[in-house]
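Next up, start_3.txt (compact mmCIF, C-alpha atoms):
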# COMPACT_ATOMS: atom_id res chain seq x y z
CA MET K 1 -9.33 -39.50 36.22
CA SER K 2 -6.11 -41.28 37.06
CA ALA K 3 -3.16 -39.29 38.36
CA ARG K 4 -1.14 -40.34 35.34
CA ARG K 5 -3.79 -39.12 32.89
CA PHE K 6 -4.10 -35.88 34.82
CA ALA K 7 -0.34 -35.38 34.62
CA LEU K 8 -0.34 -36.03 30.88
CA ILE K 9 -3.10 -33.51 30.31
CA ALA K 10 -1.33 -30.94 32.47
CA LEU K 11 1.87 -31.53 30.51
CA LEU K 12 0.03 -31.09 27.20
CA ILE K 13 -1.56 -27.84 28.34
CA THR K 14 1.80 -26.54 29.51
CA ALA K 15 3.42 -27.45 26.19
CA LEU K 16 0.66 -25.73 24.21
CA ALA K 17 0.86 -22.63 26.38
CA ALA K 18 4.62 -22.50 25.93
CA HIS K 19 4.18 -22.65 22.15
CA ALA K 20 1.56 -19.88 22.06
CA GLU K 21 2.87 -16.56 20.84
CA PRO K 22 2.74 -13.83 23.49
CA LYS K 23 0.25 -11.14 22.58
CA LEU K 24 1.38 -7.68 21.55
CA THR K 25 1.24 -5.41 24.57
CA GLU K 26 -0.45 -2.04 24.45
CA VAL K 27 2.97 -0.35 24.40
CA GLU K 28 4.22 -2.59 21.59
CA TYR K 29 1.04 -1.98 19.60
CA SER K 30 1.00 1.78 19.94
CA SER K 31 4.74 2.14 19.38
CA THR K 32 4.52 0.04 16.22
CA LEU K 33 1.79 2.21 14.75
CA LYS K 34 3.73 5.32 15.67
CA ALA K 35 7.04 4.05 14.30
CA VAL K 36 5.66 2.65 11.05
CA ARG K 37 3.28 5.41 10.02
CA PRO K 38 4.83 8.59 8.64
CA ALA K 39 5.29 11.24 11.29
CA PRO K 40 3.56 14.60 10.72
CA GLY K 41 5.38 16.31 7.87
CA GLU K 42 7.44 13.24 7.00
CA ASP K 43 5.38 12.12 4.04
CA LYS K 44 5.91 14.92 1.56
CA PHE K 45 4.25 12.83 -1.14
CA ASP K 46 1.04 12.79 0.79
CA GLN K 47 0.87 16.58 0.83
CA VAL K 48 0.61 16.74 -2.96
CA PRO K 49 -2.95 16.64 -4.36
CA TRP K 50 -2.26 13.78 -6.77
CA LEU K 51 -4.74 12.80 -9.45
CA THR K 52 -4.68 9.18 -10.59
CA SER K 53 -5.96 9.62 -14.14
CA LEU K 54 -3.60 11.08 -16.72
CA TRP K 55 -6.57 12.05 -18.86
CA GLU K 56 -8.19 13.96 -15.99
CA ALA K 57 -4.85 15.66 -15.46
CA ARG K 58 -4.83 16.70 -19.13
CA LYS K 59 -8.27 18.25 -18.77
CA GLN K 60 -7.32 20.09 -15.61
CA ALA K 61 -4.01 21.26 -17.07
CA ALA K 62 -5.76 22.60 -20.16
CA LYS K 63 -8.33 24.41 -18.00
CA GLU K 64 -5.77 25.97 -15.67
CA GLY K 65 -2.98 26.61 -18.15
CA LYS K 66 -0.40 24.50 -16.30
CA PRO K 67 2.03 21.74 -17.22
CA ILE K 68 1.47 18.20 -15.96
CA LEU K 69 3.80 16.56 -13.46
CA LEU K 70 3.47 12.81 -14.01
CA TRP K 71 5.03 10.63 -11.31
CA GLU K 72 5.09 7.26 -13.02
CA MET K 73 6.61 4.31 -11.19
CA ASP K 74 6.77 0.55 -11.57
CA GLY K 75 4.57 -0.72 -8.81
CA HIS K 76 2.52 1.36 -6.48
CA PRO K 77 3.53 4.82 -7.70
CA LEU K 78 3.78 6.22 -4.21
CA GLY K 79 4.99 2.85 -2.90
CA CYS K 80 8.44 2.44 -1.41
CA GLY K 81 9.72 5.41 0.50
CA MET Y 1 6.06 23.79 -6.45
CA ALA Y 2 4.27 20.56 -7.32
CA LYS Y 3 1.01 21.87 -5.90
CA GLU Y 4 1.17 25.42 -7.25
CA ASP Y 5 2.84 25.24 -10.65
CA PHE Y 6 1.75 21.83 -11.95
CA VAL Y 7 -1.19 19.50 -12.19
CA PRO Y 8 0.27 16.49 -10.36
CA VAL Y 9 -0.78 12.99 -11.40
CA THR Y 10 0.61 9.62 -10.44
CA GLY Y 11 0.36 6.19 -12.00
CA ASP Y 12 1.73 2.65 -12.04
CA ASP Y 13 3.72 2.18 -15.21
CA TRP Y 14 2.71 -1.50 -15.32
CA TYR Y 15 -0.78 -0.38 -16.36
CA GLN Y 16 0.08 2.74 -18.30
CA ARG Y 17 2.54 1.20 -20.74
CA ARG Y 18 0.14 -1.63 -21.56
CA ARG Y 19 -3.32 -0.13 -21.66
CA GLN Y 20 -4.96 0.01 -25.09
CA ASP Y 21 -7.08 3.12 -24.84
CA ALA Y 22 -6.75 6.86 -25.38
CA GLU Y 23 -4.93 7.40 -22.08
CA GLY Y 24 -2.39 4.67 -22.80
CA GLU Y 25 -1.76 5.95 -26.30
CA PHE Y 26 -1.28 9.47 -25.03
CA PHE Y 27 1.16 8.31 -22.35
CA ARG Y 28 3.22 6.25 -24.79
CA LYS Y 29 3.33 9.14 -27.25
CA VAL Y 30 4.80 11.36 -24.53
CA ALA Y 31 7.16 8.73 -23.11
CA SER Y 32 8.57 7.95 -26.55
CA GLN Y 33 9.91 11.50 -26.75
CA GLY Y 34 12.23 10.67 -23.86
CA PRO Y 35 14.83 7.99 -23.18
CA ARG Y 36 12.31 5.32 -22.17
CA LYS Y 37 11.14 4.12 -25.57
CA GLY Y 38 9.59 1.00 -24.12
CA GLU Y 39 11.36 -1.47 -26.41
CA GLY Y 40 10.16 -4.97 -25.80
CA GLY Y 41 7.60 -3.74 -23.33
CA SER Y 42 10.26 -2.41 -20.99
CA THR Y 43 9.56 0.01 -18.21
CA ARG Y 44 8.81 3.64 -18.84
CA GLN Y 45 8.90 4.67 -15.22
CA GLY Y 46 10.08 8.13 -14.35
CA ILE Y 47 9.07 11.67 -13.51
CA TYR Y 48 7.70 13.48 -16.53
CA VAL Y 49 6.79 17.10 -17.09
CA LEU Y 50 4.55 17.44 -20.12
CA SER Y 51 2.16 19.86 -21.75
CA GLY Y 52 -1.52 19.06 -21.92
CA ASP Y 53 -1.26 18.58 -25.68
CA GLY Y 54 1.43 15.95 -25.27
CA GLU Y 55 4.89 17.49 -25.57
CA LEU Y 56 7.52 16.11 -23.21
CA LEU Y 57 9.18 19.03 -21.45
CA SER Y 58 11.52 17.20 -19.07
CA TYR Y 59 12.20 13.71 -17.77
CA LYS Y 60 14.18 12.17 -14.94
CA ASN Y 61 14.05 8.95 -12.98
CA ALA Y 62 15.58 10.10 -9.72
CA GLY Y 63 12.68 10.41 -7.32
CA GLN Y 64 14.86 9.47 -4.38
CA PHE Y 65 17.07 12.52 -4.96
CA ALA Y 66 14.95 15.53 -4.14
CA GLU Y 67 17.35 18.21 -5.42
CA VAL Y 68 17.83 16.50 -8.79
CA THR Y 69 14.10 16.06 -9.19
CA ARG Y 70 13.40 19.65 -8.19
CA ASP Y 71 15.88 20.97 -10.77
CA GLU Y 72 14.27 18.84 -13.46
CA LEU Y 73 10.81 20.15 -12.55
CA LYS Y 74 12.11 23.70 -12.82
CA ARG Y 75 13.56 22.94 -16.23
CA GLY Y 76 10.26 21.52 -17.39
CA LEU Y 77 8.35 24.51 -16.08
CA GLU Y 78 10.71 26.92 -17.84
CA ARG Y 79 10.18 25.08 -21.13
CA PHE Y 80 6.40 25.19 -20.61
CA LEU Y 81 6.48 28.95 -20.09
CA LYS Y 82 8.29 29.35 -23.40
CA LEU Y 83 5.53 27.56 -25.32
CA PRO Y 84 3.30 29.72 -27.51
CA ALA Y 85 0.34 31.19 -25.65
CA SER Y 86 -1.98 29.20 -27.88
CA ARG Y 87 -0.63 26.02 -26.27
CA ARG Y 88 -0.35 26.99 -22.61
CA GLU Y 89 -2.88 29.63 -21.61
CA PRO Y 90 -5.97 28.53 -19.64
CA ARG Y 91 -8.53 26.92 -21.98
CA ALA Y 92 -6.26 27.37 -25.00
CA VAL Y 93 -6.05 23.62 -25.49
CA GLU Y 94 -9.16 21.49 -25.78
CA VAL Y 95 -9.14 18.00 -24.33
CA GLY Y 96 -12.11 15.79 -25.14
CA GLU Y 97 -13.30 12.68 -23.36
CA PRO Y 98 -11.08 9.60 -23.39
CA GLY Y 99 -13.67 7.17 -24.67
CA LYS Y 100 -13.78 3.59 -23.47
CA LEU Y 101 -11.13 2.63 -20.93
CA ASP Y 102 -9.22 -0.61 -21.36
CA PRO Y 103 -10.85 -2.81 -18.68
CA THR Y 104 -7.82 -5.09 -18.47
CA TYR Y 105 -5.60 -2.29 -17.27
CA SER Y 106 -7.84 -0.04 -15.25
CA ARG Y 107 -8.75 -0.58 -11.62
CA THR Y 108 -11.42 1.01 -9.45
CA PRO Y 109 -12.11 0.35 -5.78
CA PRO Y 110 -15.01 -2.07 -5.14
CA ALA Y 111 -18.30 -0.21 -4.89
CA GLY Y 112 -19.44 0.12 -1.30
CA GLY Y 113 -16.21 -1.42 -0.05
CA LEU Y 114 -13.44 -0.12 2.16
CA ILE Y 115 -10.07 1.43 1.39
CA VAL Y 116 -7.49 1.21 4.17
CA ARG Y 117 -4.07 2.82 4.14
CA VAL Y 118 -1.14 0.47 4.67
CA HIS Y 119 2.42 1.41 5.60
CA ALA Y 120 5.44 -0.79 6.18
CA ARG Y 121 8.77 0.09 7.74
CA ILE Y 122 11.82 -1.67 9.09
CA LEU Y 123 12.00 -1.41 12.85
CA ASP Y 124 14.32 -1.85 15.78
CA ARG Y 125 13.51 -2.36 19.40
CA THR Y 126 14.33 -0.10 22.31
CA GLY Y 127 13.18 -1.39 25.67
CA ASP Y 128 9.49 -2.19 25.55
CA GLU Y 129 8.89 -0.21 22.40
CA PHE Y 130 9.49 -0.52 18.69
CA CYS Y 131 11.16 2.31 16.79
CA LYS Y 132 12.26 3.12 13.26
CA GLY Y 133 15.09 0.98 11.98
CA ALA Y 134 18.25 1.93 10.11
CA CYS Y 135 19.05 0.75 6.58
CA LYS Y 136 22.05 1.19 4.27
CA THR Y 137 19.84 1.14 1.15
CA THR Y 138 18.78 4.66 0.17
CA GLY Y 139 15.19 5.16 1.28
CA GLY Y 140 15.06 1.72 2.86
CA ASP Y 141 14.24 3.18 6.24
CA ALA Y 142 11.30 5.20 4.97
CA ALA Y 143 7.66 4.15 5.26
CA ALA Y 144 6.40 2.23 2.23
CA ARG Y 145 2.83 2.92 1.16
CA ASP Y 146 -0.03 0.86 -0.19
CA PHE Y 147 -3.78 0.46 0.16
CA LEU Y 148 -5.93 -2.50 1.19
CA TRP Y 149 -9.17 -2.90 -0.73
CA LEU Y 150 -12.12 -4.80 0.75
CA THR Y 151 -15.39 -5.48 -1.04
CA LYS Y 152 -18.77 -4.55 0.41
CA GLU Y 153 -19.45 -8.20 1.18
CA GLU Y 154 -16.10 -8.60 2.95
CA VAL Y 155 -16.73 -5.52 5.05
CA ARG Y 156 -20.04 -6.95 6.19
CA SER Y 157 -18.46 -10.32 6.90
CA LEU Y 158 -16.07 -8.56 9.28
CA ALA Y 159 -18.94 -7.28 11.38
CA PRO Y 160 -19.75 -9.40 14.45
CA ALA Y 161 -22.75 -11.72 14.33
CA LYS Y 162 -23.41 -10.87 17.98
CA THR Y 163 -22.79 -7.60 19.75
CA ASP Y 164 -22.27 -9.01 23.25
CA VAL Y 165 -19.07 -7.77 24.84
CA GLY Y 166 -16.62 -10.64 24.82
CA PHE Y 167 -18.02 -12.28 21.71
CA THR Y 168 -15.03 -13.63 19.78
CA TYR Y 169 -14.86 -14.85 16.21
CA GLU Y 170 -12.22 -15.63 13.61
CA MET Y 171 -11.31 -12.99 11.08
CA PRO Y 172 -13.02 -14.06 7.83
CA LYS Y 173 -10.59 -16.07 5.76
CA PRO Y 174 -10.76 -13.98 2.55
CA VAL Y 175 -9.86 -10.83 4.48
CA ALA Y 176 -7.16 -12.50 6.53
CA GLU Y 177 -5.64 -14.09 3.48
CA ARG Y 178 -5.50 -10.83 1.52
CA MET Y 179 -3.94 -8.98 4.43
CA MET Y 180 -1.29 -11.68 4.81
CA ARG Y 181 -0.49 -12.49 1.18
CA PHE Y 182 -0.47 -8.97 -0.22
CA HIS Y 183 0.18 -6.64 2.70
CA LEU Y 184 2.33 -8.40 5.30
CA ILE Y 185 5.21 -7.91 2.92
CA ASP Y 186 8.47 -5.98 2.76
CA ASN Y 187 7.96 -3.30 0.13
CA THR Y 188 10.33 -0.84 1.73
CA ARG Y 189 13.01 -1.01 -0.96
CA GLY Y 190 11.03 -1.73 -4.12
CA GLU Y 191 8.35 -3.92 -5.65
CA PRO Y 192 7.84 -6.84 -3.30
CA PRO Y 193 7.26 -10.53 -3.91
CA PHE Y 194 3.92 -11.62 -2.49
CA TRP Y 195 3.08 -14.76 -0.60
CA GLU Y 196 1.42 -17.76 -2.19
CA ARG Y 197 -1.42 -19.48 -0.35
CA GLN Y 198 0.85 -22.36 0.60
CA HIS Y 199 3.26 -19.94 2.27
CA ILE Y 200 0.71 -19.28 5.00
CA ARG Y 201 2.08 -21.68 7.62
CA ARG Y 202 0.19 -20.33 10.63
CA SER Y 203 -2.70 -17.88 10.86
CA LYS Y 204 -4.52 -17.10 14.07
CA LEU Y 205 -6.51 -13.90 13.84
CA ALA Y 206 -9.48 -13.32 16.12
CA LEU Y 207 -11.80 -10.39 16.66
CA THR Y 208 -13.47 -9.68 20.00
CA VAL Y 209 -16.26 -7.25 20.82
CA VAL Y 210 -14.94 -4.90 23.51
CA ARG Y 211 -17.65 -2.25 23.51
CA SER Y 212 -21.09 -2.12 21.99
CA THR Y 213 -23.62 0.66 21.63
CA ALA Y 214 -26.37 1.34 19.14
CA GLU Y 215 -24.02 3.71 17.32
CA ALA Y 216 -20.84 1.65 17.12
CA ILE Y 217 -19.22 -1.64 17.96
CA ASP Y 218 -15.57 -1.58 19.00
CA LEU Y 219 -13.52 -4.64 18.20
CA ARG Y 220 -10.07 -5.81 19.23
CA LEU Y 221 -8.01 -7.91 16.82
CA GLU Y 222 -5.31 -10.22 18.15
CA GLY Y 223 -3.27 -12.94 16.63
CA ASP Y 224 -0.10 -14.12 15.01
CA VAL Y 225 1.00 -15.41 11.64
CA LEU Y 226 3.87 -17.29 10.10
CA LEU Y 227 4.56 -16.86 6.41
CA SER Y 228 7.50 -18.68 4.86
CA THR Y 229 8.56 -20.01 1.51
CA ASP Y 230 9.39 -23.41 3.02
CA ALA Y 231 7.32 -25.48 5.43
CA ASP Y 232 10.40 -25.46 7.65
CA PRO Y 233 11.06 -21.78 8.36
CA ALA Y 234 14.68 -22.59 9.16
CA LYS Y 235 15.12 -23.69 5.56
CA SER Y 236 13.10 -20.92 3.93
CA ASP Y 237 14.82 -18.16 2.00
CA ARG Y 238 12.09 -15.70 2.84
CA GLY Y 239 9.65 -15.44 5.71
CA TYR Y 240 7.76 -13.24 8.15
CA GLU Y 241 6.68 -14.21 11.63
CA ALA Y 242 4.51 -11.52 13.13
CA ARG Y 243 2.15 -10.73 15.96
CA LEU Y 244 -0.86 -8.58 15.26
CA ARG Y 245 -3.07 -6.35 17.31
CA GLY Y 246 -5.75 -3.95 16.17
CA GLU Y 247 -8.67 -1.74 17.06
CA LEU Y 248 -11.60 -1.60 14.65
CA ARG Y 249 -14.94 0.16 14.91
CA TYR Y 250 -18.05 -0.94 13.05
CA VAL Y 251 -20.89 1.51 12.47
CA PRO Y 252 -24.11 -0.48 12.01
CA SER Y 253 -26.07 2.42 10.52
CA LYS Y 254 -23.51 2.73 7.72
CA GLN Y 255 -22.61 -0.98 7.54
CA THR Y 256 -18.95 -0.16 7.41
CA PHE Y 257 -15.92 0.53 9.57
CA ASP Y 258 -14.73 3.99 10.41
CA ARG Y 259 -11.69 2.72 12.27
CA PHE Y 260 -9.24 0.04 11.11
CA ASP Y 261 -6.02 0.40 13.07
CA VAL Y 262 -3.98 -2.80 12.96
CA ALA Y 263 -0.29 -3.28 13.74
CA ALA Y 264 1.78 -6.26 12.70
CA VAL Y 265 5.34 -6.61 13.92
CA GLY Y 266 7.86 -9.40 13.87
CA GLU Y 267 10.94 -10.83 12.23
CA HIS Y 268 11.25 -10.80 8.47
CA TRP Y 269 13.98 -12.47 6.49
CA GLY Y 270 14.94 -12.69 2.84
CA GLU Y 271 14.35 -10.40 -0.10
CA GLY Y 272 12.88 -10.35 -3.57
CA THR Y 273 14.24 -9.55 -7.02
CA PHE Y 274 13.42 -5.86 -6.64
CA THR Y 275 13.93 -5.55 -2.90
CA ARG Y 276 17.64 -6.25 -2.59
CA GLY Y 277 19.64 -4.77 0.23
CA SER Y 278 17.68 -6.15 3.17
CA ARG Y 279 19.33 -6.27 6.56
CA PRO Y 280 21.12 -9.60 7.08
CA GLY Y 281 19.37 -12.49 8.77
CA ARG Y 282 16.12 -11.91 10.60
CA SER Y 283 15.19 -8.33 11.41
CA LEU Y 284 12.11 -6.48 12.56
CA LEU Y 285 9.51 -5.35 10.08
CA GLY Y 286 6.33 -3.51 11.04
CA VAL Y 287 3.16 -3.10 9.01
CA ALA Y 288 0.45 -0.62 9.98
CA PHE Y 289 -3.06 -0.75 8.59
CA GLY Y 290 -5.22 2.35 8.84
CA PRO Y 291 -6.63 4.84 8.88
CA VAL Y 292 -9.58 4.26 6.61
CA ALA Y 293 -8.86 6.29 3.48
CA GLY Y 294 -10.98 9.28 2.48
CA ASP Y 295 -12.23 10.78 -0.73
CA ARG Y 296 -9.01 12.12 -2.20
CA ALA Y 297 -8.14 11.04 -5.72
CA ALA Y 298 -4.80 9.73 -4.47
CA ASP Y 299 -6.61 7.36 -2.12
CA ARG Y 300 -7.83 5.48 -5.18
CA VAL Y 301 -4.37 4.29 -6.25
CA PRO Y 302 -4.84 0.53 -6.63
CA PRO Y 303 -3.01 -1.84 -4.29
CA GLN Y 304 0.27 -3.13 -5.66
CA GLY Y 305 -1.20 -6.63 -5.60
CA ALA Y 306 -4.24 -5.62 -7.65
CA ARG Y 307 -2.32 -6.01 -10.90
CA GLU Y 308 -3.29 -9.65 -10.68
CA VAL Y 309 -6.81 -8.67 -9.73
CA ARG Y 310 -8.25 -12.18 -9.61
CA ARG Y 311 -5.52 -13.35 -7.24
CA TYR Y 312 -5.85 -10.24 -5.11
CA PHE Y 313 -9.53 -10.86 -4.56
CA GLY Y 314 -8.97 -14.56 -3.94
CA ARG Y 315 -10.63 -15.79 -7.11
CA GLU Y 316 -7.63 -17.94 -8.06
Serialized structure, structure tokens:
Amino acid sequence: MSARRFALIALLITALAAHAEPKLTEVEYSSTLKAVRPAPGEDKFDQVPWLTSLWEARKQAAKEGKPILLWEMDGHPLGCG
Amino acid sequence: MAKEDFVPVTGDDWYQRRRQDAEGEFFRKVASQGPRKGEGGSTRQGIYVLSGDGELLSYKNAGQFAEVTRDELKRGLERFLKLPASRREPRAVEVGEPGKLDPTYSRTPPAGGLIVRVHARILDRTGDEFCKGACKTTGGDAAARDFLWLTKEEVRSLAPAKTDVGFTYEMPKPVAERMMRFHLIDNTRGEPPFWERQHIRRSKLALTVVRSTAEAIDLRLEGDVLLSTDADPAKSDRGYEARLRGELRYVPSKQTFDRFDVAAVGEHWGEGTFTRGSRPGRSLLGVAFGPVAGDRAADRVPPQGAREVRRYFGRE
């Protein structure tokens, strides 16, 4: 291989390496999961035993003698915080 | 109060106000007693307290204000307790079966597939770590929730063809595409716009076997993506450039994953029609996949993107 060709290949490899995104470190990865996910006790919604069928809720409400709490939202009902 | 005094149920109004079956008719009958009459197919979203035989007892659409919502629940409960015994005592009201469900507006998780929790939150950086971000929009700094659904076939396609440590393979395209288009999104302030296929400008997602026993195969996911509404991100009005890393565990005896922890973090810019109030310019957004969801009824809430079910599963 000529010196010139070698230099061109080395330059190409360097350019590609410079363009490559650095990988997430272990600290970045674990801190992201911790920061994004609700902390213990933060997600009050998740502590409620939601049903997802209004008809099943009717049946349970009739059986237990309770009113129904229907949380009805546009989009994922438990979606945005 | 919600757990003790009520039967709590949740639903996406997009389905409920449209479905043509007994459940939809019942819902619309109740909703029409309140302010959301649904003229022209308009939204009926809100927090309802109702009796099992269909009387609306209270209504409010203020879920982000806990005290207001709590007062409304109390009002609804008081009205329920004033109903005649024949309408509120256990087993006083009979509720039959709903009959055939409207298939167009009902969703069930794929049989034998996987349900994975997904959260998204705006972030900031402190030193080497990422932390929760701050937002002026009420609730905009909270964790948004969704679920990822994978079919049985997609779960099996995620499993490595070889179990040798170091074996690396690309994440199957259908799975990668669904994660990017429908879950690497900013849903922290409302219903998000999704990505079209052509918005995927860069996608490098690879899985590597890091540990292998007869009982389980541990995998590491690494990669990065660029999603933007214009081929030139500098010209795009919305985009997300993120790095991903994850730890998954495949259990051969069950042919499924019992661990699916994936983090995506990077700069997001722009907003959608229902997600106004984003931080200016580019700012950090994190998305966390996992854990694998369990058997609770609430874990079966369909993904936001599953409204367009054919698109969600890559069939158009």
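One distance worth recording is that between atom CA of Y:Val301 and atom CA of K:Thr52, which is 6.5 Å.
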**OP:** May I ask you to extract the residues of chain K within 6 Å of chain Y, using all atoms listed in the file, and to give them as an MDAnalysis selection string?
**Re:** chainID K and resid 28 31:33 35:36 48 50:52 55 58:59 61:77 79:81
Selection from above, C-alpha atoms, as a compact mmCIF listing (two decimals), in the coordinates of the input, can you write it?
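Dumped to result.txt:
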# COMPACT_ATOMS: atom_id res chain seq x y z
CA GLU K 28 4.22 -2.59 21.59
CA SER K 31 4.74 2.14 19.38
CA THR K 32 4.52 0.04 16.22
CA LEU K 33 1.79 2.21 14.75
CA ALA K 35 7.04 4.05 14.30
CA VAL K 36 5.66 2.65 11.05
CA VAL K 48 0.61 16.74 -2.96
CA TRP K 50 -2.26 13.78 -6.77
CA LEU K 51 -4.74 12.80 -9.45
CA THR K 52 -4.68 9.18 -10.59
CA TRP K 55 -6.57 12.05 -18.86
CA ARG K 58 -4.83 16.70 -19.13
CA LYS K 59 -8.27 18.25 -18.77
CA ALA K 61 -4.01 21.26 -17.07
CA ALA K 62 -5.76 22.60 -20.16
CA LYS K 63 -8.33 24.41 -18.00
CA GLU K 64 -5.77 25.97 -15.67
CA GLY K 65 -2.98 26.61 -18.15
CA LYS K 66 -0.40 24.50 -16.30
CA PRO K 67 2.03 21.74 -17.22
CA ILE K 68 1.47 18.20 -15.96
CA LEU K 69 3.80 16.56 -13.46
CA LEU K 70 3.47 12.81 -14.01
CA TRP K 71 5.03 10.63 -11.31
CA GLU K 72 5.09 7.26 -13.02
CA MET K 73 6.61 4.31 -11.19
CA ASP K 74 6.77 0.55 -11.57
CA GLY K 75 4.57 -0.72 -8.81
CA HIS K 76 2.52 1.36 -6.48
CA PRO K 77 3.53 4.82 -7.70
CA GLY K 79 4.99 2.85 -2.90
CA CYS K 80 8.44 2.44 -1.41
CA GLY K 81 9.72 5.41 0.50
Subject >> Residues within 10 Å of (-17.6, -9.2, -0.4), file coords, only C-alpha atoms, listed as a ChimeraX atom specification >> reply: /Y:110,112-113,150-158,174-175,313
Original post:
Hey, what's within 12 Å of Y:Thr229 if we count all atoms listed in the file and toss same-chain stuff fewer than 5 positions away? As a VMD selection string, please?
Top reply: chain Y and resid 181 193 to 201 234 to 241 268 to 272
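Look at everything within 8 Å of (-19.1, -2.4, 20.7) using all atoms listed in the file, and the residues you get are Thr163, Asp164, Val165, Val209, Val210, Arg211, Ser212, Thr213, Ala216, Ile217, Asp218, Leu219, Arg249 and Tyr250 of chain Y.
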Subject >> Two-atom distance - atom CA of Y:Phe257, atom CA of Y:Trp149 (Å) >> reply: 12.8 Å
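Here atom CA of Y:Arg178 stands at a distance of 11.5 Å from atom CA of Y:Arg310.
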